[in-house]
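Next comes upload07.txt, with compact mmCIF, C-alpha atoms.
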# COMPACT_ATOMS: atom_id res chain seq x y z
CA MET R 1 -7.61 19.39 -37.42
CA ARG R 2 -4.83 16.88 -38.08
CA ASP R 3 -2.70 19.53 -39.82
CA ARG R 4 -3.25 22.10 -37.06
CA ILE R 5 -2.19 19.56 -34.47
CA GLU R 6 0.93 18.65 -36.45
CA ARG R 7 1.84 22.34 -36.93
CA ARG R 8 0.91 23.03 -33.29
CA THR R 9 -1.41 25.82 -34.36
CA ALA R 10 -4.45 24.14 -32.80
CA GLU R 11 -5.93 26.30 -30.03
CA ILE R 12 -6.44 24.37 -26.79
CA ALA R 13 -8.70 25.05 -23.81
CA VAL R 14 -8.16 23.10 -20.59
CA ILE R 15 -11.24 23.03 -18.36
CA GLY R 16 -10.30 22.76 -14.68
CA LEU R 17 -6.85 23.77 -13.43
CA GLY R 18 -6.36 21.43 -10.49
CA TYR R 19 -3.83 18.68 -9.81
CA ILE R 20 -4.18 17.30 -13.35
CA GLY R 21 -5.50 20.21 -15.38
CA LEU R 22 -2.75 22.70 -14.57
CA PRO R 23 0.18 20.33 -15.31
CA THR R 24 -1.57 19.24 -18.52
CA ALA R 25 -2.04 22.87 -19.60
CA ILE R 26 1.61 23.59 -18.83
CA MET R 27 2.81 20.61 -20.88
CA PHE R 28 0.82 21.59 -23.97
CA ALA R 29 1.88 25.25 -23.67
CA ASN R 30 5.55 24.33 -23.36
CA ALA R 31 5.12 22.00 -26.35
CA GLY R 32 4.23 25.07 -28.42
CA PHE R 33 0.43 25.21 -28.38
CA ASN R 34 -1.58 28.27 -27.38
CA VAL R 35 -3.46 27.16 -24.27
CA THR R 36 -6.26 28.85 -22.37
CA GLY R 37 -6.96 27.40 -18.94
CA TYR R 38 -10.52 27.80 -17.70
CA GLU R 39 -11.07 27.76 -13.95
CA ILE R 40 -14.03 29.09 -11.97
CA ARG R 41 -11.90 29.91 -8.91
CA THR R 42 -10.79 33.48 -9.57
CA ASP R 43 -8.06 33.42 -6.91
CA VAL R 44 -6.50 30.40 -8.63
CA VAL R 45 -6.66 32.19 -12.00
CA GLU R 46 -4.89 35.24 -10.60
CA ARG R 47 -2.21 33.12 -8.99
CA ILE R 48 -1.55 31.12 -12.16
CA ASN R 49 -1.35 34.22 -14.34
CA SER R 50 1.23 35.65 -11.95
CA GLY R 51 3.35 32.55 -12.54
CA LYS R 52 2.72 30.89 -9.19
CA ALA R 53 1.14 27.44 -8.88
CA HIS R 54 -1.54 26.81 -6.28
CA ILE R 55 -0.55 23.15 -5.88
CA VAL R 56 2.66 21.55 -4.63
CA GLU R 57 4.55 19.54 -7.25
CA PRO R 58 8.26 19.32 -8.10
CA ASP R 59 9.30 21.73 -10.90
CA ILE R 60 5.81 23.14 -11.34
CA ASP R 61 6.67 26.77 -10.59
CA ASP R 62 9.56 26.87 -13.08
CA LEU R 63 7.54 25.15 -15.79
CA LEU R 64 4.54 27.39 -15.15
CA ARG R 65 6.63 30.56 -15.37
CA LYS R 66 8.10 29.36 -18.65
CA ALA R 67 4.61 28.78 -20.08
CA ILE R 68 3.26 32.14 -18.85
CA GLU R 69 6.28 34.18 -19.89
CA SER R 70 6.25 32.65 -23.38
CA GLY R 71 2.69 33.84 -23.82
CA LYS R 72 1.51 30.32 -24.59
CA LEU R 73 -0.58 29.88 -21.44
CA ARG R 74 -3.06 32.08 -19.67
CA ALA R 75 -5.85 31.33 -17.24
CA THR R 76 -9.34 32.77 -17.22
CA SER R 77 -12.69 32.55 -15.47
CA ASN R 78 -14.55 34.04 -18.44
CA PRO R 79 -16.30 31.43 -20.63
CA ALA R 80 -16.08 33.83 -23.57
CA ASP R 81 -12.31 33.32 -23.60
CA ILE R 82 -12.65 29.67 -24.59
CA ARG R 83 -15.03 30.14 -27.51
CA GLU R 84 -14.31 28.32 -30.77
CA LYS R 85 -11.17 26.52 -29.69
CA ASP R 86 -9.96 23.51 -31.63
CA VAL R 87 -9.45 21.26 -28.62
CA TYR R 88 -11.14 21.09 -25.21
CA ILE R 89 -9.53 19.01 -22.48
CA ILE R 90 -11.75 18.42 -19.45
CA CYS R 91 -9.96 17.82 -16.13
CA VAL R 92 -12.63 18.28 -13.47
CA GLN R 93 -13.30 16.27 -10.35
CA THR R 94 -15.77 13.39 -10.27
CA PRO R 95 -16.24 12.80 -6.53
CA LEU R 96 -18.50 10.39 -4.72
CA ARG R 97 -21.64 11.34 -2.87
CA GLU R 98 -22.16 10.22 0.70
CA ASP R 99 -23.94 7.09 -0.56
CA ARG R 100 -20.84 6.19 -2.62
CA THR R 101 -22.49 6.93 -5.96
CA PRO R 102 -20.65 9.16 -8.45
CA ASN R 103 -21.34 12.87 -8.50
CA LEU R 104 -20.99 13.82 -12.17
CA THR R 105 -22.38 17.33 -11.84
CA TYR R 106 -18.93 18.92 -12.25
CA LEU R 107 -18.35 16.95 -15.44
CA GLU R 108 -21.80 17.71 -16.79
CA SER R 109 -21.30 21.41 -16.07
CA ALA R 110 -17.94 21.36 -17.84
CA VAL R 111 -19.44 19.59 -20.86
CA GLU R 112 -22.26 22.13 -20.99
CA THR R 113 -19.69 24.94 -20.89
CA VAL R 114 -17.82 23.32 -23.77
CA ALA R 115 -21.03 22.81 -25.73
CA LYS R 116 -21.80 26.54 -25.52
CA ALA R 117 -18.29 27.47 -26.63
CA MET R 118 -17.31 24.86 -29.23
CA LYS R 119 -17.39 25.02 -32.99
CA PRO R 120 -17.99 22.14 -35.42
CA GLY R 121 -14.94 19.93 -35.85
CA ALA R 122 -13.69 20.36 -32.29
CA LEU R 123 -11.86 17.60 -30.42
CA ILE R 124 -13.10 17.06 -26.86
CA VAL R 125 -10.97 15.02 -24.48
CA ILE R 126 -12.14 13.92 -21.03
CA GLU R 127 -9.21 13.19 -18.71
CA SER R 128 -11.41 12.91 -15.63
CA THR R 129 -11.90 9.43 -14.18
CA ILE R 130 -15.47 8.44 -15.00
CA PRO R 131 -17.85 5.45 -14.83
CA PRO R 132 -18.11 3.19 -17.89
CA LEU R 133 -20.28 4.52 -20.74
CA THR R 134 -19.95 8.13 -19.54
CA THR R 135 -18.02 9.44 -22.56
CA VAL R 136 -20.73 8.19 -24.90
CA ARG R 137 -23.33 9.77 -22.63
CA MET R 138 -21.48 13.11 -22.60
CA ALA R 139 -21.24 13.00 -26.40
CA GLY R 140 -25.00 12.54 -26.42
CA LEU R 141 -25.40 15.55 -24.11
CA ILE R 142 -23.39 17.71 -26.52
CA GLU R 143 -25.54 16.51 -29.41
CA GLU R 144 -28.65 17.35 -27.41
CA LEU R 145 -27.38 20.86 -26.63
CA THR R 146 -25.87 21.73 -30.03
CA GLY R 147 -27.42 19.47 -32.65
CA LEU R 148 -23.92 18.37 -33.68
CA LYS R 149 -23.47 14.66 -34.37
CA PRO R 150 -20.75 12.79 -32.43
CA GLY R 151 -18.09 11.34 -34.70
CA ARG R 152 -19.27 13.41 -37.63
CA ASP R 153 -19.40 17.01 -36.42
CA PHE R 154 -17.05 16.69 -33.44
CA TYR R 155 -14.57 14.23 -32.00
CA MET R 156 -14.84 12.81 -28.47
CA VAL R 157 -12.22 10.90 -26.49
CA HIS R 158 -11.55 9.58 -23.01
CA ALA R 159 -7.81 9.85 -22.23
CA PRO R 160 -7.39 9.04 -18.54
CA GLU R 161 -4.53 10.55 -16.59
CA ARG R 162 -2.13 7.97 -15.16
CA VAL R 163 0.17 10.04 -12.96
CA MET R 164 1.17 10.09 -9.31
CA PRO R 165 1.57 13.27 -7.24
CA GLY R 166 5.23 14.05 -6.73
CA ARG R 167 6.09 12.59 -10.17
CA ILE R 168 3.47 14.23 -12.38
CA PHE R 169 5.68 15.96 -14.95
CA LYS R 170 7.96 12.97 -15.42
CA GLU R 171 5.04 10.57 -15.71
CA LEU R 172 3.11 12.83 -18.10
CA VAL R 173 6.01 12.39 -20.49
CA TYR R 174 7.11 8.80 -19.95
CA ASN R 175 4.02 6.88 -18.82
CA SER R 176 1.96 5.09 -21.45
CA ARG R 177 -1.34 6.69 -22.45
CA ILE R 178 -4.65 5.26 -23.60
CA PHE R 179 -6.95 7.12 -25.99
CA GLY R 180 -10.50 5.82 -26.09
CA GLY R 181 -12.49 7.40 -28.88
CA ILE R 182 -16.16 7.26 -29.72
CA THR R 183 -14.74 6.66 -33.20
CA PRO R 184 -11.30 5.43 -34.32
CA GLU R 185 -10.63 8.82 -35.92
CA SER R 186 -11.30 10.55 -32.60
CA ALA R 187 -8.77 8.35 -30.83
CA GLY R 188 -6.23 8.94 -33.59
CA LEU R 189 -6.49 12.72 -33.34
CA ALA R 190 -6.05 12.64 -29.58
CA GLU R 191 -3.02 10.38 -29.92
CA ARG R 192 -1.40 12.82 -32.37
CA LEU R 193 -2.12 15.72 -30.03
CA TYR R 194 -0.57 14.10 -26.96
CA ARG R 195 2.41 12.87 -28.94
CA SER R 196 3.57 16.48 -28.83
CA PHE R 197 5.06 15.68 -25.41
CA VAL R 198 4.33 12.03 -24.56
CA LYS R 199 7.30 9.71 -25.09
CA GLY R 200 5.72 6.61 -23.55
CA GLN R 201 3.68 4.04 -25.44
CA THR R 202 0.28 5.06 -26.72
CA PHE R 203 -2.74 2.84 -27.31
CA LYS R 204 -6.03 3.48 -29.11
CA THR R 205 -9.30 1.82 -28.19
CA SER R 206 -12.97 2.62 -27.60
CA SER R 207 -14.03 5.13 -24.97
CA THR R 208 -15.73 2.49 -22.82
CA VAL R 209 -12.69 0.22 -22.81
CA SER R 210 -10.55 3.22 -21.83
CA GLU R 211 -12.92 4.06 -18.97
CA VAL R 212 -12.87 0.49 -17.68
CA VAL R 213 -9.08 0.17 -17.98
CA LYS R 214 -8.50 3.23 -15.82
CA LEU R 215 -10.89 1.94 -13.16
CA MET R 216 -9.47 -1.59 -13.31
CA GLU R 217 -5.95 -0.29 -12.66
CA ASN R 218 -6.89 1.40 -9.42
CA THR R 219 -9.30 -1.33 -8.36
CA PHE R 220 -6.45 -3.84 -8.73
CA ARG R 221 -4.31 -1.72 -6.43
CA ASP R 222 -7.14 -1.19 -3.95
CA VAL R 223 -7.94 -4.90 -3.70
CA ASN R 224 -4.28 -5.77 -3.22
CA ILE R 225 -3.86 -3.12 -0.53
CA ALA R 226 -6.89 -4.59 1.21
CA LEU R 227 -5.20 -7.99 1.15
CA ALA R 228 -2.05 -6.45 2.66
CA ASN R 229 -4.21 -4.81 5.34
CA GLU R 230 -5.76 -8.18 6.13
CA PHE R 231 -2.24 -9.55 6.55
CA ALA R 232 -1.55 -6.66 8.95
CA TYR R 233 -4.52 -7.70 11.09
CA LEU R 234 -3.17 -11.24 11.16
CA ALA R 235 0.28 -9.99 12.14
CA HIS R 236 -1.18 -8.48 15.30
CA GLN R 237 -2.78 -11.80 16.17
CA TYR R 238 0.39 -13.80 15.54
CA GLY R 239 2.83 -11.32 17.08
CA ILE R 240 4.94 -10.78 13.98
CA ASN R 241 6.15 -7.87 11.83
CA VAL R 242 4.03 -7.93 8.69
CA PHE R 243 6.56 -5.90 6.71
CA GLU R 244 9.25 -8.49 7.28
CA ALA R 245 6.82 -11.20 6.20
CA ILE R 246 5.78 -9.27 3.09
CA GLU R 247 9.39 -8.59 2.13
CA LEU R 248 10.18 -12.28 2.33
CA ALA R 249 7.01 -13.32 0.49
CA ASN R 250 7.85 -10.88 -2.30
CA THR R 251 11.09 -12.75 -3.00
CA HIS R 252 8.86 -15.27 -4.77
CA PRO R 253 9.03 -14.47 -8.51
CA ARG R 254 5.25 -14.41 -8.92
CA VAL R 255 4.27 -12.58 -5.73
CA ARG R 256 4.08 -8.82 -5.25
CA ILE R 257 2.16 -7.94 -2.09
CA HIS R 258 1.30 -4.29 -1.54
CA VAL R 259 1.95 -2.21 1.60
CA PRO R 260 -0.56 -1.95 4.49
CA GLY R 261 -1.20 1.28 6.34
CA ILE R 262 -3.62 3.64 8.06
CA GLY R 263 -5.83 3.78 4.99
CA VAL R 264 -6.13 4.52 1.29
CA GLY R 265 -6.49 8.14 0.19
CA GLY R 266 -6.28 10.37 -2.83
CA HIS R 267 -8.71 11.06 -5.62
CA CYS R 268 -8.47 7.65 -7.29
CA LEU R 269 -8.28 4.54 -5.15
CA PRO R 270 -11.10 5.30 -2.69
CA LYS R 271 -13.37 6.28 -5.58
CA ASP R 272 -12.58 4.27 -8.70
CA PRO R 273 -13.81 0.85 -7.51
CA HIS R 274 -17.21 2.44 -6.84
CA LEU R 275 -17.22 4.02 -10.31
CA LEU R 276 -16.33 0.69 -11.91
CA VAL R 277 -19.28 -1.24 -10.52
CA TRP R 278 -21.81 1.61 -10.38
CA PRO R 279 -23.41 1.06 -13.82
CA ALA R 280 -23.32 -2.73 -13.49
CA LYS R 281 -26.47 -4.75 -12.84
CA ASP R 282 -24.85 -7.31 -10.53
CA ASP R 283 -23.27 -7.00 -7.11
CA PHE R 284 -19.51 -7.50 -6.88
CA GLY R 285 -18.48 -8.72 -3.43
CA LEU R 286 -14.68 -8.72 -3.66
CA ILE R 287 -14.39 -5.15 -4.93
CA LYS R 288 -16.81 -3.77 -2.36
CA LEU R 289 -15.31 -5.80 0.50
CA ALA R 290 -11.84 -4.44 -0.32
CA ARG R 291 -13.22 -0.92 -0.06
CA GLU R 292 -14.73 -1.72 3.34
CA ILE R 293 -11.44 -3.14 4.61
CA ASN R 294 -9.43 -0.14 3.48
CA ASP R 295 -11.99 2.35 4.79
CA GLY R 296 -11.78 0.60 8.17
CA MET R 297 -8.03 0.96 8.64
CA PRO R 298 -8.24 4.28 10.56
CA LEU R 299 -10.30 2.38 13.16
CA LEU R 300 -7.49 -0.16 13.57
CA VAL R 301 -5.11 2.72 14.29
CA LYS R 302 -7.62 4.09 16.79
CA ASP R 303 -7.61 0.71 18.53
CA LEU R 304 -3.80 0.71 18.63
CA LEU R 305 -3.79 4.21 20.11
CA PHE R 306 -6.30 3.39 22.84
CA GLU R 307 -4.50 0.14 23.64
CA ALA R 308 -1.28 2.11 24.12
CA LEU R 309 -3.05 4.67 26.31
CA ARG R 310 -4.34 1.85 28.49
CA THR R 311 -0.75 0.66 28.85
CA ILE R 312 0.17 3.95 30.56
CA ASN R 313 -3.14 4.07 32.47
CA LEU R 314 -4.28 7.25 30.70
CA PRO R 315 -8.02 7.44 29.92
CA PRO R 316 -8.56 8.54 26.29
CA GLU R 317 -10.75 11.44 27.39
CA LYS R 318 -7.72 12.96 29.13
CA ALA R 319 -5.27 12.42 26.27
CA VAL R 320 -3.79 15.08 24.00
CA VAL R 321 -3.12 13.40 20.66
CA VAL R 322 -0.94 14.81 17.87
CA VAL R 323 -1.55 13.62 14.31
CA LEU R 324 1.51 14.01 12.09
CA GLY R 325 0.48 14.41 8.48
CA LEU R 326 -2.76 15.57 6.88
CA ALA R 327 -1.98 14.77 3.24
CA TYR R 328 -2.92 11.35 1.92
CA LYS R 329 0.54 10.87 0.41
CA GLY R 330 4.06 11.67 1.50
CA ASP R 331 5.68 14.94 0.39
CA SER R 332 2.39 16.21 -1.04
CA ASP R 333 -0.19 18.79 -0.01
CA ASP R 334 -3.05 16.72 -1.40
CA THR R 335 -5.59 15.99 1.34
CA ARG R 336 -8.32 14.45 -0.82
CA ASN R 337 -9.84 11.46 1.00
CA SER R 338 -6.93 11.51 3.41
CA PRO R 339 -6.97 8.69 6.01
CA ALA R 340 -5.70 11.26 8.51
CA SER R 341 -9.04 13.05 8.30
CA ALA R 342 -10.93 9.80 8.80
CA PHE R 343 -8.75 8.94 11.79
CA ILE R 344 -9.24 12.38 13.36
CA GLY R 345 -12.98 12.03 12.87
CA ALA R 346 -12.86 8.66 14.62
CA ILE R 347 -11.09 9.92 17.77
CA VAL R 348 -12.02 13.59 18.10
CA ASP R 349 -15.01 12.98 20.40
CA ASP R 350 -13.14 10.47 22.56
CA VAL R 351 -9.96 12.39 23.46
CA ALA R 352 -9.26 15.65 25.23
CA GLU R 353 -7.62 17.36 22.25
CA VAL R 354 -6.43 16.59 18.74
CA ARG R 355 -3.52 18.58 17.36
CA THR R 356 -2.15 18.36 13.83
CA TYR R 357 1.06 19.20 12.04
CA ASP R 358 1.99 18.76 8.39
CA PRO R 359 4.92 20.46 6.62
CA PHE R 360 2.86 20.84 3.44
CA VAL R 361 -0.66 21.44 4.79
CA GLU R 362 -1.85 23.96 7.36
CA GLY R 363 -2.69 22.21 10.63
CA THR R 364 -3.49 23.34 14.15
CA HIS R 365 0.22 24.02 14.78
CA SER R 366 2.92 25.50 12.57
CA SER R 367 5.77 23.42 14.00
CA ILE R 368 6.11 19.90 15.27
CA GLU R 369 7.66 21.17 18.49
CA GLU R 370 4.63 23.33 19.27
CA ALA R 371 2.28 20.47 18.51
CA LEU R 372 4.10 17.96 20.73
CA ARG R 373 4.61 20.22 23.74
CA GLY R 374 2.56 18.71 26.58
CA ALA R 375 1.06 16.00 24.36
CA ASP R 376 0.52 12.39 25.37
CA ALA R 377 0.54 10.55 22.07
CA VAL R 378 1.64 11.08 18.50
CA VAL R 379 0.18 9.26 15.49
CA ILE R 380 2.03 9.23 12.16
CA ALA R 381 -0.61 9.37 9.44
CA THR R 382 1.46 10.45 6.42
CA ASP R 383 4.83 9.17 5.23
CA HIS R 384 6.48 12.54 4.65
CA THR R 385 10.24 12.23 4.19
CA ALA R 386 10.77 14.75 7.00
CA PHE R 387 9.11 12.40 9.48
CA ARG R 388 11.66 9.64 8.84
CA SER R 389 14.54 11.57 10.40
CA LEU R 390 12.85 13.05 13.48
CA ASP R 391 14.88 13.18 16.69
CA TRP R 392 12.45 11.36 18.95
CA GLU R 393 14.71 11.60 21.97
CA THR R 394 14.58 15.40 21.81
CA LEU R 395 10.91 15.56 20.81
CA GLY R 396 9.94 13.13 23.56
CA LYS R 397 11.21 15.56 26.18
CA LEU R 398 8.50 17.99 25.09
CA MET R 399 5.72 15.48 25.70
CA ARG R 400 3.78 14.77 28.87
CA ASN R 401 3.58 11.06 28.01
CA ARG R 402 5.38 9.19 25.26
CA VAL R 403 3.10 7.12 23.07
CA LEU R 404 4.02 6.68 19.39
CA ILE R 405 1.68 5.07 16.86
CA ASP R 406 3.03 4.51 13.35
CA GLY R 407 0.36 4.22 10.68
CA ARG R 408 2.75 4.47 7.74
CA ARG R 409 5.86 2.38 8.49
CA VAL R 410 7.92 5.50 9.05
CA VAL R 411 9.64 4.23 12.20
CA ASP R 412 11.75 1.09 11.76
CA VAL R 413 13.17 0.90 15.28
CA PRO R 414 10.94 2.29 18.06
CA PRO R 415 12.67 5.07 20.02
CA GLU R 416 13.63 4.36 23.60
CA GLY R 417 11.22 5.50 26.27
CA PHE R 418 8.15 5.34 24.04
CA VAL R 419 5.21 2.99 24.11
CA PHE R 420 5.19 2.03 20.42
CA LYS R 421 2.60 0.40 18.20
CA GLY R 422 2.22 0.37 14.45
CA VAL R 423 0.01 -1.05 11.74
CA GLY R 424 1.19 -4.59 11.15
CA ARG R 425 3.81 -4.41 13.90
CA GLY R 426 2.46 -7.29 15.92
CA GLU R 427 5.77 -7.83 17.70
CA TYR R 428 5.04 -4.81 19.92

Show me the file's structure as structure tokens.
Amino acid sequence: MRDRIERRTAEIAVIGLGYIGLPTAIMFANAGFNVTGYEIRTDVVERINSGKAHIVEPDIDDLLRKAIESGKLRATSNPADIREKDVYIICVQTPLREDRTPNLTYLESAVETVAKAMKPGALIVIESTIPPLTTVRMAGLIEELTGLKPGRDFYMVHAPERVMPGRIFKELVYNSRIFGGITPESAGLAERLYRSFVKGQTFKTSSTVSEVVKLMENTFRDVNIALANEFAYLAHQYGINVFEAIELANTHPRVRIHVPGIGVGGHCLPKDPHLLVWPAKDDFGLIKLAREINDGMPLLVKDLLFEALRTINLPPEKAVVVVLGLAYKGDSDDTRNSPASAFIGAIVDDVAEVRTYDPFVEGTHSSIEEALRGADAVVIATDHTAFRSLDWETLGKLMRNRVLIDGRRVVDVPPEGFVFKGVGRGEY
């Protein structure tokens, strides 16, 4: 296996061609490996094989075409096409159930698919974010299904992705990577494999440490965002601009406060704290409280909206509200756990109509002008670059009433003629 990796003759199968799986498959293919991408969505397979990505990411179409045209990458929905590969890289979702417990059925299904296809000596890498002890458990599932012994007959590793949408291909190369093996040899093989394109630092550890590290990273961010959101609440009570206060506080050499906003979205931060504490026997108040604070931010924005409507004497049930942005992150089409959806769900039964516009995601209207015509209020829920340069004087003329709520610190100076409120903007 080591020699095949070094010569780049190892055959790779990537299971799941979503936001992480497809870029990962592209990187290995363009590094010279023969890569088969396995995806159950046949429309996605057809699109990829035609050289067109189904996700929005800078440079992805050019890099995908290069991989397809070189013959190094092809996608398939046929499990027979991934039989007896040398390496299997699993990049499937691990969402939460309604009760905030992890749903590992996608991972288990992927592992079962690999178990049916693999040969002895294979290297299996899980990139999915998973609860502690899951890699060891999945190795046990493979042993149960195949009779092969982990660490002796096959290698198993957790190698968590550490990228951000909008910067995926740069960060795949330059970010550091952690390889947590069920054995040191497993971690070493994975490190050699990823060194084919990774230029950042690499670290080897156990699979459980790797799982915990990934979850700790995002839990740290989530807790700190919750603190920033608490500061935003205080800013409304004290009549100050929280962003000015945070900027000044961050001039201290040992302080780095995060940014408050309408909520925390994406596939990591809303989920990973729950995964971290799920297998634990004790209750962890700080981590769970931070989740509650961040989940509650769309309700703060609802309060700001209704307060502004009261200012113009417009009952909410008569208001037409436009939500700008459906993605959880600026300049992305990723709507997973988007705060915009939570906010819409919080107001939809209380207002006359909710309209949506997003330049990257299909909404109720295909242009911002159409969405704002005759509307009473607009709520900025995503920090798309395009929203930072809007001509509010012109757009305001299309509206019936002019209420502007900024949930993402997109508007620095409120436009004239608008009733303005924003998260943490207590001076208004």

Using all atoms listed in the file, find each residue in segment 265-371 of chain R having at least one atom no more than 10 Å away from segment 90-95 of chain R; report its shortest atom-to-atom pair and that distance in Å (one decimal), rows by chain then rising number, as JSON lines.
{"residue": "R:His267", "atom": "CA", "partner": "R:Pro95", "partner_atom": "CA", "distance": 7.8}
{"residue": "R:Cys268", "atom": "CA", "partner": "R:Pro95", "partner_atom": "CA", "distance": 9.4}
{"residue": "R:Pro270", "atom": "CA", "partner": "R:Pro95", "partner_atom": "CA", "distance": 9.9}
{"residue": "R:Lys271", "atom": "CA", "partner": "R:Pro95", "partner_atom": "CA", "distance": 7.2}
{"residue": "R:Asp272", "atom": "CA", "partner": "R:Pro95", "partner_atom": "CA", "distance": 9.5}
{"residue": "R:Leu275", "atom": "CA", "partner": "R:Thr94", "partner_atom": "CA", "distance": 9.5}
{"residue": "R:Arg336", "atom": "CA", "partner": "R:Pro95", "partner_atom": "CA", "distance": 9.9}
{"residue": "R:Asn337", "atom": "CA", "partner": "R:Pro95", "partner_atom": "CA", "distance": 10.0}

With distances taken over all atoms listed in the file, which of R:Asp62, R:Glu161, R:Glu393, R:Asp86 is nearest to Leu189 of chain R?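 Ranked by minimum distance to Leu189 of chain R, first place goes to R:Asp86.
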
Within 8 Å of Gly51 of chain R, counting all atoms listed in the file, which residues show up once you throw out same-chain ones fewer than 3 positions away? Write them as a list in words, please. Arg47, Ile48, Asp61, Leu64, Arg65 and Ile68 of chain R

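You can rank R:Ala308, R:Ala159, R:Leu133, R:Val277 by their closest distance to Glu191 of chain R using all atoms listed in the file, and at the top of that list sits R:Ala159.
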
Is it possible to get the residues within 8 Å of (6.9, 1.2, 21.0) (coordinates as in the file, counting all atoms listed in the file) written as a ChimeraX atom specification? /R:403-405,414-416,418-421,428

What lies within 10 Å of segment 162-174 of chain R using all atoms listed in the file, ignoring chain neighbours under 3 positions off, as a ChimeraX atom specification? /R:19-20,23-24,26-27,56-60,63,127,129,159,177-178,194-201,214,217-218,266,329-334

Give the answer as one residue: which of R:Asn224, R:Ser128, R:Asn175, R:Ser207 has the shortest atom-to-atom distance to Pro160 of chain R, using all atoms listed in the file?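 Using all atoms listed in the file, Pro160 of chain R sits closest to R:Ser128.
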
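Using all atoms listed in the file, the nearest neighbour of Ala319 of chain R within the list R:Ile130, R:Leu234, R:Val361, R:Leu305 is R:Leu305.
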
Pick the closest to Ala226 of chain R from R:Pro253, R:Gly422, R:Gly363, R:Gly261: which is it, counting all atoms listed in the file? R:Gly261

From atom CA of His274 of chain R to atom CA of His158 of chain R the spacing works out at 18.6 Å

Which of these residues is nearest to Pro298 of chain R, using all atoms listed in the file: R:Asn34, R:Thr311, R:Ser338, R:Thr146?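 That would be R:Ser338, the residue with the smallest distance to Pro298 of chain R.
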
Within 10 Å of Thr183 of chain R using all atoms listed in the file, minus same-chain residues under 4 positions, as a PyMOL selection string: chain R and resi 150-152+155-157+187-188+205-207
